[in-house]
Structures are given as structure tokens and as C-alpha cells.
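Here the structure is laid out as C-alpha cells; the discussion comes afterwards.
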There are 6 protein chains.
Amino acid sequence: MHIRVILPVIGDALLNHVTEEVQGWVGSGTTVDTASLARGTASIESEYDEALAAPGILDRIVEAKADGVDGVFISCFGDPGVHAAREIIDVPVVGGYEPAMLTAMSLGERIGIVTVLPNVLPMLHSLSRRYGIENRVGTIRVIDLPVLGLEDRETMVERLFEQSVDAIERNEADVLVLGCTGMLGVVQELMAKLAADGHRVPVVDPTGAAITWLESSHRLGVFPSRTTYMVPPAKVRSI
Amino acid sequence: MHIRVILPVIGDALLNHVTEEVQGWVGSGTTVDTASLARGTASIESEYDEALAAPGILDRIVEAKADGVDGVFISCFGDPGVHAAREIIDVPVVGGYEPAMLTAMSLGERIGIVTVLPNVLPMLHSLSRRYGIENRVGTIRVIDLPVLGLEDRETMVERLFEQSVDAIERNEADVLVLGCTGMLGVVQELMAKLAADGHRVPVVDPTGAAITWLESSHRLGVFPSRTTYMVPPAKVRSI
Amino acid sequence: MHIRVILPVIGDALLNHVTEEVQGWVGSGTTVDTASLARGTASIESEYDEALAAPGILDRIVEAKADGVDGVFISCFGDPGVHAAREIIDVPVVGGYEPAMLTAMSLGERIGIVTVLPNVLPMLHSLSRRYGIENRVGTIRVIDLPVLGLEDRETMVERLFEQSVDAIERNEADVLVLGCTGMLGVVQELMAKLAADGHRVPVVDPTGAAITWLESSHRLGVFPSRTTYMVPPAKVRSI
Amino acid sequence: MHIRVILPVIGDALLNHVTEEVQGWVGSGTTVDTASLARGTASIESEYDEALAAPGILDRIVEAKADGVDGVFISCFGDPGVHAAREIIDVPVVGGYEPAMLTAMSLGERIGIVTVLPNVLPMLHSLSRRYGIENRVGTIRVIDLPVLGLEDRETMVERLFEQSVDAIERNEADVLVLGCTGMLGVVQELMAKLAADGHRVPVVDPTGAAITWLESSHRLGVFPSRTTYMVPPAKVRSI
Amino acid sequence: MHIRVILPVIGDALLNHVTEEVQGWVGSGTTVDTASLARGTASIESEYDEALAAPGILDRIVEAKADGVDGVFISCFGDPGVHAAREIIDVPVVGGYEPAMLTAMSLGERIGIVTVLPNVLPMLHSLSRRYGIENRVGTIRVIDLPVLGLEDRETMVERLFEQSVDAIERNEADVLVLGCTGMLGVVQELMAKLAADGHRVPVVDPTGAAITWLESSHRLGVFPSRTTYMVPPAKVRSI
Amino acid sequence: MHIRVILPVIGDALLNHVTEEVQGWVGSGTTVDTASLARGTASIESEYDEALAAPGILDRIVEAKADGVDGVFISCFGDPGVHAAREIIDVPVVGGYEPAMLTAMSLGERIGIVTVLPNVLPMLHSLSRRYGIENRVGTIRVIDLPVLGLEDRETMVERLFEQSVDAIERNEADVLVLGCTGMLGVVQELMAKLAADGHRVPVVDPTGAAITWLESSHRLGVFPSRTTYMVPPAKVRSI
């Protein structure tokens, strides 16, 4: 299977890190390539950024379709461009939110998301309502680090741990979901720290959930429903 | 009060018609000007179109802010770019869906939307869930005319009437909402035809609802909440 | 447009104050007159009061209909008699709750209501469920002043401010709604105090929201749906 | 136990019939007396009627309290005055809707209500939302007979049967509830006709459900919660 | 009426206590007999226990059917085996949860459950969602005593009181429900202690609620709907 | 990875068929073994069957734990014993419903389930409410063949096709889910027939969804949350 990972930001600074991380999750027989955007924003932390990133993402979807890929991962927890992409390509497309949250729903009752900044909370609440799963979301919390500050790995892990423990102890979360696809390579460490602290609670990594989701969808032979994701009518488009 | 109407499509073909229609709704003391997009699509009938239109809409929001307008109407029933716009401007911004639906909620129990094509049904269902009002939506129907086919006014009115009567008689709607801002200048005729047919049921025009909503919001001195619509963090953006 | 304001309490003590306040909200071209009740209670702070006030309110609706008014505002946040009134008059009728809440829904995600006494909390929760918008209500709080104690304006403003700040800081409200139509003439001051305290959060005044709602509805040509608000069958009524 | 039945209409025409019916439901050791209203309407078939009936109902609640009764049944399916009554008396008070619906919830999945006229459908839908049980209501249907036309027993039973069978066969109801307390003395016959037709589906009589509910509540020693049904503050009331 | 009480645990240690308690709730004319299980677990405090108890419960249902009883109470708050039982017997069957919760819904707005151990919280939350009443559940709390530790009556009452007061004062409960049918004979004392502490809030005993529910259902002539609880097809069963 | 498939019925008749089917879904590096029950029923088509099957399923879970497997699939669409199993084993456990439905949620808006007999509809509706996803379920339909009649493959496929087309054309389903794990080896044929009929709508096979779900969960390093699925307290159990 051939997965295209779209990193929905401009610049190549993060590409190697993301590629490496994705390689760690893929199964045998899966090939992956990665592309960032020619137009967009340096990170996505608002509805504004998400709107600006969408055309650049859809450019990459058009390419992915031409390249005949078998699945697409738009590597951002806010699922930017995901629904538009499904209208124009016949293979499974996911962002970070949907596969991570659906995976989490099978592991415990209330899901706690830990994300970057307060700015994205309304977007994540909106997604939970859009997908009809808000009654399973117990809490959405922030570590107050911007996406581009996640390279301070130690601080990130420490704050993820603090917020996770607090959510568990207040009975607001039975499963945790990392709420930013930039929180790379920390999920095992976080689960280990929680276990060492007496909390046997699973943590879902959105990159891992997305990659395995695409592989499963591919094996199941499924694709975006054309009664939900209809092909857009032909017309003049200039963007 | 100064209202900026953004027609979120490329080309000026519809500008005069929209401007004229809007002038018919504004109250005394309100000035309106209208702008279409420099980049975008010829009409919005899919998530794909909506995503492509957003940057061009946000260009116009930046201009509107610089011009010091008092309110913005993005003239499309799918509310494209509305939430992103609220993050970057301090005055009320609405599309067609939200003010029409909230207005309708005070007029009867179940709301019936009649829109253009099946392609937009999932978007409209998603909006109802996002806004938390899906339990008030009784039916969403189509007249199977594309946006750019609405200039055939007679067919449009006939099909709106048929769908409206059917929705009422099946007890799926107590209030109707025109589900496309391109359905211009037909609301009074439709209500009259329904009344003549024995159905005293109100119909909400999304353009009228948006304009009066902005005027009311302005008089009430309200604005987008900065805890929901936070100002996007500064960063490189290239789009 | 001619709006009739019904102050749903007995006695004329508050009439001048309410009339003056309403005059501050109406648009040009709107005339307003005000009437209190011949039978009812001195204030409405319970389901019991609401039930006792309803016949006196409906007396005034019958008069309003005979007088050919274009819209009716029943000036109480609990929407007493509103749904019964819509059955017997063909023009828009609103109380304080519905227009204020629907207005607030376009300004931010979670709505915080600040009202007078704990006694009315169950009524307000019931209304949110009846209208199907309970998932948008983040908190309902009280300032522990009875309606007739609101003339102590300084205490009222101070407590409104305290409750508003607390609701915002605990992330329970993105928009505030004044939960009593007797909280007259304080909305701008409250928004200014919140802004000075660093909270750019809108506050909706129920009287202002009701008046602008009626004016908008009138301009839109809409009216109560006769499939929801059917005309009551003829019969003996002695009350 | 002493139960007071309040027939919330003016006139004594129906009193004997209701008294007789109630006597058929009470357990040993229960005494019942019945009172109609001094002011109100001839029947309740609209929000308007309900509002006009409430003060007369509350007059009877004050008397019931003075008489030291142990429970009150307000004999109307729309639960008129029930919540106001609970604020001013310390014993269980029910109408027809709440005990019948809660009883039905233990018998099958979807509840089908069969009531009198379309006029009351919005009231019944509102109650289901107010009580938070709308997801259990599968259908609400009418037999198109006014309350005062129910004395044509044969027509009533025939139409109840038709609507019940149709609801069951369309998979809209697993349990039926008679949606008017004036549908007296037919529940056993209706269940027998359904069984003879191959449908082993229970039907709940609202009068029977109310009487047994009060007896159970009395035996359980429960009463209206004073945090939901607070005592109304003292004030001038003139009605 | 003849009620069979099934105590869904192995061993006879608790049988006398339960029988005595049940005798205190039944009405005149009702006879009761009690049976524990031949196979199952010593108490039910997990989904695991519930699953292991079910066949032994269903053995007793088969006996109850053969004995021609008029109603069955499976004395456990988690409603173990209740839905399976309704498929194979034609008389009302209840556990502790459903009748207690439905009874509580008529007494106040938010229901607070106080149960034994954290282990059962997910089961109780699941039941509230299964029955569609989760929006009425304000809080579920534990006293951290296992079922078999409830014989320390003094500790049980003290902890029930503490949790109840805390739930009431935090506005999380208007009505309380004892969340274990092993909390025998304390409901009146708990209500008295709450009243003495200034909280006039009803408490529902699940055993009392179940017994009166069965008696009411019997008098109403109702039974499990055969469109929800269909008779299981014939097949080989070996258990 | 080592997956244990538990076929929750007595007898070995179906074991080879299931094993073969499962082998078709597993990824490279996964080993699978299969076991049916020593005690239980010949098929599961009611709550009664489900209750009788649970202890036999849990026997197999205890064995699976002792054998150190990495994941367990209980091969029945009703998820029998799944939640109890998660309490006593530390690796992912799924039935057919949860992974198939969560998978389907990423493919389209409304999910249509096509299952065997009307008897299981209430169980499936209950599961949708228990999991909090009922708003995504558009329809649940039956092909009116018992589980043990599914060996008539031609009839099964024909009826699945008929029900699927009808659900799609009435706009009740955008994604289909096979509602019985006994509907083996037909999903690709059904999708092909739908596509040939003009319906590009995905169909989810519950066995495939379960196997890929377990493999993904294993790769993600997740497990049942111990705050939802607490370890059952030690006690006497005799079953």
C-alpha cells in the first residue's frame, strides 16, 4: 500500500521528523512519502490558519490522486481539508482527529484530549459535535505550548503528564488522546509515566492511529461514500 | 451602520443583483457595499468549493477591517469562512445559515430547509450538528437546480413550492428556510402561494435574516467572543 | 412598526422605567406602548407566579390583537404566556429568553446566563431543553437579588460582574446573557467592566434582543407558524 | 391514603364519569375525591387553554393542601399546572403525561402516543423535550376527535385501534400510551383488540398510571424536591 | 398478586434480610417469595460478575414462569438479566435501576445516585445511556464500601449522608437514588438526616421502587412489549 | 501478533469456515487460532442467548489470558461478553459491532446496518445508545434469515443487496455495515453489486473490521482503560 502524508504547513523544516515518525508506525508492505505545502501557514492553530491551509492541501490531494496513492494522511489534529479531499479522491483520507478519537472510543468511556493552545479548543469542540461524539469527550485540555514550541520535548512531556494525571484523577478521562500531530514520539513514554504513577490508562497517538486506520481501511476495501462525499460539479475555479 | 457584503464567488456577474436585493432589506441609516472574490470558484456547491473560496473571503475580511465596517455578511448559505473571519475582525460576521436558522427557531417547532443540490446536504447536516440545533431540523430538501441555474426564476419558485408543500403535509416542517442565498426575491411570493394553498407557514429568506441580524447585533453592541474566536497567533503565512 | 410591550406584573410602578429603556432600543420608525397587568403577581420568580400571570398576559394579547399591533414583547426572561399568545395572534410575540439566547448563539460557543434567584433556575433549564439548545448553555448563575431588589443598581452591577468573571475564568461561558428583563440599563457598563478586566466577551440584554428581534421579524414578513401554533378550537372559557 | 383528583375544566358534566373511572384504579385503603374548576375552560386542547386553566387548578391545589391530602392527580395529559403546584404543596402531584410515559419506558423501546387533535402535538413534543425523554418517543398520533367528542366511544376505540396498529406495523411504537385522560375505560378493550390482531403490545392508561404512581410515591415516602420546586417568595398576588 | 424476588447471588446468607425488607414494602394482597441463585457470584460489582450471574438468574425466571408468578424483581441495582428475562416471561420484570430512576424523574430535575464502589460506575453510566436518560443524571457517587461491607450499617449511613449533602450543595442532585439494593432499611433515616440538615430532598429506595412498580404494572395490566422483547427462536442451548 | 478468535456458540460446525475467513483478513505476522464454546447456545439471536453465552465466552477469555494472546475477537455482532472480558484481560478485546461501526463512521454520514432477524434490533439499538453513537445510525434492517440459515449464500446476498439499495435510495444510509459476523465472505461481492447498480457506497465487514482493529490496537500499544474496566474484586464465584 502507498500512503501519502501531507504535512499541511509551508516549509520543509519538519518533514524529516514527520517522515521518520510515520516510518515507525507503518506496517510491512506499506510505502510512505511525505509532502508539505507550497502555500499555507507555518502551523495550524486557529480556524483562520485552517482556512488558509486548505487550498494548499487540496493541491496535494490532486497530486496524490494523479500519483495513484492508496490512502492519504493530512497530518494535523484539526482534520483540515479532510472532508473536501474526500470529495475529489476515491481512496481513504484522514486527518488526526477522527481516527484517534474513534480508536479511543473502544478503549474506555470518557476521552480526554490534551492539545497545544486554548485557541484550538473551539475547533476541537466543533469537530466533536460535527462527528456526533461530544457525549464521549470528557475534557479537552491544553499544555500552553504553541505547535512550533513542541521541540522542547522535555517540557512537552512534563505538561502532557500533568494534564493527563489531573484529568484522570478528576474522573474526566478514561482514555487520553494527544491533541496535536506535532506531539511526536512521546506516547510510549507518557503511557509508561502514567503506569508508573498508578494509572493504567491508554494514550492514543494521532499519527499512529491515522496510519493504522488507513492500512485497515485499505485492507477492508472501503472508500469515501459517494452519497456523503459527492463529486463536486464542474465549474470555473481560480485559486 | 456600514455593512460589507462579500459575495464569495469569482466574477461580477451576480453583484448587481445581490446589491439590489440587499438594498431591499436594509433599514434606514444602513449603508451597504458589495464585493465578490479575486480568487475562488464560480459558485459554492461542495466542501471542495467552500475550502477553495475561504482564502479569497478572508482577503475581503482583511479589507473590511481596514475599511472600518460595522458588520459583514458572507452571502452563502454554507457559512463559508465565517468562523475564521470572526477570529480576525471585531465586528459581527454572519453567513446565510446561522441567522436564518436561529430566526426560524422562534417561529415554529421543526425547520425545513429547501436548498439547491444533493451535494450540499451533508454540509448542511454538519452545520446543524456543529451549531447543536440538529434536533430542530425536520427535513432538508433539494430543488435539483444548481446555483447558477437559479436565474430560471419560474422553475425555482415552482420547485420551492412543491418541496415546501410536501414537507408541510408530511409534518416534517413548521417553518421553511430558503437554503441558498442565490434564491433571491422569491420569499414573499412563496409565502403567498403557500397561504393561498392553505398553509400559513413562515419562510425565512437568508439574505434578509443576515442583514437584519447584523443591524440588530450592531444596535445591541455585541461582537464575536474572544474566548471562542481567539486572535490567531502571529506566524508566517503565505497563501 | 407598532410594538406592544406587556410588563407581566400588576401595578404601574415599573412602567415608566421599562418604557424609557425600551425607547432606547427601538429603531427609527418604531412606535412602542407599554401595559402592565390587571391581574397577576408583583413579580415572576417561580412557576407558580408564571402560571398566575398567564391569564392577565393573554388579556393584554387580546387587546394587542384588537389594536392591530405589529409585534408583542412580554417583558420577562421566563417567556411566560409566549407560546399561548402565539396561538391567538398573527404577529411575532417574544419574551426575553428566546431572542436573547438565539442572539447569543451567534457570538460564541457556550452561553452563560446570570439571573436573579435560585428559584428560577429549573424554569430556565426547562426552557433550554424545551427549545432544544441545552447543549449550548454552559452555566446558569444567580446574583441572589429578587426582581424587586434590582433597583439597588450598584449591587446588581457588582454581582453581575463577579458572576460573569467567574463563569468566564472557569471556561463555562463565552457569551453572557442577562437573565432577567428587570436588569435594565446595565449591559454596556457590564461589557465595559469586563473589557477593562481583560475579558472581551459580549453580553446580551434581553430587552434589546427582544425589541430588535421583533423589528427584524416584522421586516422579514414572518409570523408564528400555524402548524405549530394552531388556533385554539372554539369552546366555553370562563376565567 | 387520600388522593384529590382535579379535573381541570369548568363544569361538573364529566365529574361522575371521572370519579367512577378513578375508583376502578385505586388500591384498597385509598380514598379519592374529585373537583373540577371554578374558573378555566371547557376542555384543554391548546397552550392557550392550558394557560387559562392554571390559576383555577392552583386554587384547587391550595384547597388540597388545606385539606391535608396525600397526593394530587391533575387529570389532563398535558400536565397543566403540575410544576407550579409542586412549588406550593408538599405531597406528590402528577398530571397524565409524566407517570404514563415513565411507566411506558419500562415496557418497550419506543413509545407511541395516540391523542385527540393535532393542536396538542407541539405541547406533547415540548413536554418530551422538557423531561429529556424525546429519544424514547417513536410517534405521536391523533384520532382527530376533540376531547368533548370522546363520548362517541365506538369511534374513539376504532380510531385508537387503527392508529395503534399503524404505529406498530411501521415500527414506530413498541408501547402505546393513551394521550388524553378523557379516553376513559378503553385500555383493556384496546389491548385485547391488538392481541387479537397479533400484536402483543402494552397500552398505558394515563389515569391508571397516575393513580398507581401517587400510591407508590406515597408508600415510598417521597415528595417534590425543594431544590427543584422551591417555595415561591412572598409577594403581592392578585388573580 | 404474587411477586418472585430473585436475589442474584449464590448463598442464602442475605435471603432473610431481603425477604424481611421486601415484606415491609409490599401492599395488602401481595404475596412475595424469594430465591437466591444456584450458580453465580457472591455479589455483583462488575460487568464480569453480572455476566456470570445471568444464567443463574434466568434459571430462576424459568421457574417463576412455571410457578405462574405475576411479577419478578431481580434484586440488584445493575438490572442484571432483566432484558433477557423479559424475552421469556409474560409478566413485568424489573431490577433496581429502572424503577428507581424513573420514579426519581418525577420528583426533581437532576438525579444523584450514590452507590458502593467505583467499579460499578461505568455500568451505571452505560445503563443511563441505554435507557436514554443520561441528561437527567447529575452525578453518580460512591461510598467506597463493597456490597458485602454494607452490614456495617452505621458507616453506610454516614457515608451516604456525606455524599448526598455534597451532591446537593454542589447543585449536582435534586433527588437521590440509593445505588445498591443491598442498602436496605436506611432510606427513611437518610431522608430524615437530610431534612434535619436543611435539605428537603427525596431519596428513592430501589427495593421499594421495584416492588411498587411491579404492583402498579400488575394493576395496569401491562407486560413486556413483544416487539421489543421478542420470544427467542428455538435452538440448542447448553449451559 | 497472536489473536484468539472466540466463536461464541457451542459446537464446531462453523469453526473451519470462520477460521478460513479470518485468515483472509489478517496481516502478515499475525497468527490466529479459533475456539468455540463448551457451554452456550447454537447461535445468538436474542438477549437471552447473549446472556447464556457469556459465561462460556469468559471461560475462553481466561484461557486466552493464560495463553498470553495479544488480542481477542469475540465473533458476534452483538458484542457479547466484550465489556466483562475487558475487566479480566489486559489486551484489546472486541466483538463485531464496535469496530465495524467506528470504522464506518469515517466513511460517510449515516450508517445503515443490515442484520438477520427482527429479534436483534432492540439489542443493536441499545448498543448504539450505550456507545453514544445513535445519531449516526440511519437505519437498521433485517434480511429475515436466521444465523443458521446464512449458509444459503445466494439468498443472503440477494436480500443484503435489496435492503442495501432500499436504504441508500431512501437516503437512510451512506455506509453499510453487515450486522452479523456469520455473513462471511460476501462483502466484496455486495460492494461490487452496489457499484454496478450505480451506488458507490462502502460496506464494512465486521470480521475484517475486528481483525484489523485488533492489529492496529496492538501496534498502537493500547489496552482497555483500567478506570473504565476495573479489575473485579476477589470473591466467591461458582458458575
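Residue numbering restarts at 1 for every chain of the C-alpha cells, chains are lettered A, B, ... in their displayed order, and ligands are numbered from 1 as they appear.
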Name the residues in contact with E:Asp33 at a cut-off of 10 Å, using only C-alpha atoms, excluding same-chain residues fewer than 3 positions from it; report them as JSON, numbers by chain. {"E": [2, 3, 4, 5, 6, 19, 22, 23, 69, 72]}
Take the selection from the previous step and output its residues with N, CA and C atoms, as a short mmCIF file (atom, residue, chain, number, x, y, z; two decimals), in the first residue's frame.
data_model
loop_
_atom_site.label_atom_id
_atom_site.label_comp_id
_atom_site.auth_asym_id
_atom_site.auth_seq_id
_atom_site.Cartn_x
_atom_site.Cartn_y
_atom_site.Cartn_z
N HIS E 2 -48.71 -12.15 43.09
CA HIS E 2 -47.60 -12.96 43.56
C HIS E 2 -46.30 -12.45 42.94
N ILE E 3 -45.40 -11.94 43.76
CA ILE E 3 -44.12 -11.43 43.28
C ILE E 3 -43.01 -12.41 43.67
N ARG E 4 -42.18 -12.74 42.71
CA ARG E 4 -40.98 -13.52 42.98
C ARG E 4 -39.79 -12.57 43.04
N VAL E 5 -39.08 -12.58 44.16
CA VAL E 5 -37.85 -11.80 44.28
C VAL E 5 -36.67 -12.72 44.05
N ILE E 6 -35.86 -12.39 43.06
CA ILE E 6 -34.64 -13.17 42.80
C ILE E 6 -33.44 -12.38 43.32
N THR E 19 -35.89 -10.70 52.37
CA THR E 19 -37.31 -11.06 52.47
C THR E 19 -38.03 -10.12 53.43
N VAL E 22 -38.40 -6.67 51.90
CA VAL E 22 -39.42 -6.65 50.86
C VAL E 22 -40.81 -6.67 51.48
N GLN E 23 -40.96 -7.48 52.51
CA GLN E 23 -42.27 -7.54 53.20
C GLN E 23 -42.70 -6.17 53.69
N VAL E 69 -46.03 -16.80 38.54
CA VAL E 69 -45.99 -15.55 39.32
C VAL E 69 -46.50 -14.40 38.45
N VAL E 72 -41.70 -10.13 38.65
CA VAL E 72 -40.41 -10.58 39.15
C VAL E 72 -39.52 -9.37 39.44
#
Residue contacts of C:Asp90 (10 Å, only C-alpha atoms) excluding same-chain residues fewer than 5 positions away, as JSON, numbers by chain: {"B": [200], "C": [65, 68, 69, 70, 71, 85, 222, 223, 224, 225, 226, 229, 231]}
Deliver the residues from the most recent selection as a file, using N, CA and C atoms, as a tab-separated table (two decimals), in the first residue's frame.
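Produced file result.tsv, reproduced below:
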chain	number	residue	atom	x	y	z
B	200	ARG	N	-50.47	28.36	6.37
B	200	ARG	CA	-49.95	29.60	6.94
B	200	ARG	C	-48.66	29.29	7.70
C	65	LYS	N	-54.12	42.43	19.84
C	65	LYS	CA	-54.66	42.00	18.55
C	65	LYS	C	-55.72	42.98	18.06
C	68	GLY	N	-54.34	45.99	16.59
C	68	GLY	CA	-53.60	45.84	15.34
C	68	GLY	C	-52.11	46.10	15.46
C	69	VAL	N	-51.51	45.73	16.58
C	69	VAL	CA	-50.06	45.95	16.73
C	69	VAL	C	-49.31	45.00	15.78
C	70	ASP	N	-48.02	45.29	15.58
C	70	ASP	CA	-47.21	44.50	14.64
C	70	ASP	C	-46.29	43.50	15.33
C	71	GLY	N	-46.20	43.60	16.66
C	71	GLY	CA	-45.34	42.68	17.38
C	71	GLY	C	-45.55	42.89	18.87
C	85	ALA	N	-49.79	32.81	23.61
C	85	ALA	CA	-50.08	34.04	22.85
C	85	ALA	C	-49.96	33.81	21.36
C	222	VAL	N	-42.33	37.62	8.64
C	222	VAL	CA	-42.64	36.31	9.20
C	222	VAL	C	-43.60	36.41	10.38
C	223	PHE	N	-44.09	35.28	10.84
C	223	PHE	CA	-45.19	35.24	11.80
C	223	PHE	C	-45.21	33.84	12.41
C	224	PRO	N	-45.96	33.61	13.49
C	224	PRO	CA	-45.97	32.28	14.11
C	224	PRO	C	-46.54	31.24	13.14
C	225	SER	N	-45.86	30.13	13.02
C	225	SER	CA	-46.32	29.04	12.14
C	225	SER	C	-47.65	28.49	12.66
C	226	ARG	N	-48.60	28.35	11.76
C	226	ARG	CA	-49.92	27.81	12.19
C	226	ARG	C	-49.93	26.29	12.25
C	229	TYR	N	-48.38	26.59	16.08
C	229	TYR	CA	-49.27	27.38	16.96
C	229	TYR	C	-50.66	27.42	16.34
C	231	VAL	N	-54.70	27.57	15.89
C	231	VAL	CA	-55.75	28.37	16.52
C	231	VAL	C	-56.55	27.46	17.46
Surrounding residues of stretch 14-16 of chain A excluding itself and chain neighbours under 5 positions, 9 Å, only C-alpha atoms, as a PyMOL selection string: chain A and resi 7+21+34-36
Write out as a ChimeraX atom specification each polymer residue whose atoms come within 12 Å of C:Ile44, counting only C-alpha atoms; drop sequence neighbours fewer than 3 positions from it. /C:7-10,40-41,47-54,75-80,116-117,119-120,123,146-148,180-182 /D:232-237
Would you kindly report the residues of chain F within 7 Å of chain A, using only C-alpha atoms, as number ranges by chain? F: 102, 107-109, 132-133, 135-136, 174-175, 200-203, 208, 212, 216, 220, 222-228
Generate the output file for the selected residues, N, CA and C atoms, as a compact mmCIF listing (two decimals), in the first residue's frame.
# COMPACT_ATOMS: atom_id res chain seq x y z
N LEU F 102 -17.40 1.95 14.30
CA LEU F 102 -16.43 3.05 14.38
C LEU F 102 -15.71 3.20 13.05
N LEU F 107 -16.43 6.93 7.06
CA LEU F 107 -16.65 6.74 5.61
C LEU F 107 -17.85 7.49 5.06
N GLY F 108 -18.75 7.91 5.91
CA GLY F 108 -19.94 8.62 5.45
C GLY F 108 -20.78 9.01 6.64
N GLU F 109 -21.87 9.69 6.38
CA GLU F 109 -22.61 10.33 7.46
C GLU F 109 -23.52 9.35 8.24
N GLY F 132 -23.14 5.74 22.56
CA GLY F 132 -23.31 7.17 22.30
C GLY F 132 -23.22 7.56 20.84
N ILE F 133 -23.54 6.64 19.93
CA ILE F 133 -23.43 6.95 18.50
C ILE F 133 -24.76 6.82 17.76
N ASN F 135 -26.95 8.84 16.97
CA ASN F 135 -27.27 9.88 15.98
C ASN F 135 -26.59 9.63 14.64
N ARG F 136 -25.70 8.67 14.57
CA ARG F 136 -25.06 8.34 13.29
C ARG F 136 -25.70 7.12 12.63
N ASP F 174 -25.47 6.03 4.19
CA ASP F 174 -24.34 6.41 3.32
C ASP F 174 -23.24 5.36 3.38
N VAL F 175 -23.26 4.55 4.40
CA VAL F 175 -22.29 3.47 4.59
C VAL F 175 -23.11 2.29 5.10
N ARG F 200 -21.99 3.98 -5.29
CA ARG F 200 -20.63 3.84 -4.80
C ARG F 200 -20.62 4.12 -3.29
N VAL F 201 -20.97 3.08 -2.57
CA VAL F 201 -21.19 3.17 -1.13
C VAL F 201 -20.39 2.03 -0.49
N PRO F 202 -19.57 2.32 0.51
CA PRO F 202 -18.76 1.26 1.13
C PRO F 202 -19.60 0.37 2.05
N VAL F 203 -19.17 -0.88 2.16
CA VAL F 203 -19.80 -1.84 3.07
C VAL F 203 -18.70 -2.37 3.99
N GLY F 208 -13.65 -8.49 9.26
CA GLY F 208 -12.48 -7.74 8.79
C GLY F 208 -12.20 -6.53 9.67
N THR F 212 -8.61 -6.16 11.81
CA THR F 212 -7.71 -5.02 11.58
C THR F 212 -7.69 -4.10 12.80
N SER F 216 -4.33 -3.01 14.67
CA SER F 216 -3.99 -1.59 14.86
C SER F 216 -3.79 -1.28 16.34
N LEU F 220 -0.50 0.13 18.17
CA LEU F 220 -0.55 1.41 18.90
C LEU F 220 -0.19 1.23 20.38
N VAL F 222 -2.06 0.08 22.78
CA VAL F 222 -3.14 0.45 23.69
C VAL F 222 -3.84 -0.78 24.26
N PHE F 223 -4.70 -0.56 25.23
CA PHE F 223 -5.28 -1.66 26.03
C PHE F 223 -6.52 -1.10 26.73
N PRO F 224 -7.34 -1.95 27.32
CA PRO F 224 -8.55 -1.44 27.99
C PRO F 224 -8.19 -0.55 29.18
N SER F 225 -8.82 0.61 29.24
CA SER F 225 -8.57 1.54 30.34
C SER F 225 -8.99 0.91 31.67
N ARG F 226 -8.13 0.99 32.65
CA ARG F 226 -8.47 0.42 33.96
C ARG F 226 -9.33 1.36 34.81
N THR F 227 -9.62 2.56 34.33
CA THR F 227 -10.62 3.36 35.07
C THR F 227 -12.03 3.08 34.55
N THR F 228 -12.14 2.57 33.34
CA THR F 228 -13.46 2.11 32.86
C THR F 228 -13.64 0.62 33.17
State, in Å with one decimal place, the distance from atom CA of A:Asp144 to atom CA of A:His125.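 Going from atom CA of A:Asp144 over to atom CA of A:His125, I get 17.3 Å.
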For the atom pair atom CA of C:Arg170 and atom CA of B:Arg129, what is the interatomic distance in Å to one decimal place?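 It comes out at 24.9 Å.
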Residues at most 9 Å from E:Leu160, counting only C-alpha atoms, excluding those fewer than 6 positions away in the same chain, as a list in words?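 Near neighbours after the sequence-gap exclusion: Val114, Thr115, Val142, Ile143, Leu178 and Leu190 of chain E.
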Record the distance separating atom CA of D:Gly81 and atom CA of C:Ser46, expressed in Å with one decimal.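 Atom-to-atom, atom CA of D:Gly81 to atom CA of C:Ser46, that is 12.1 Å.
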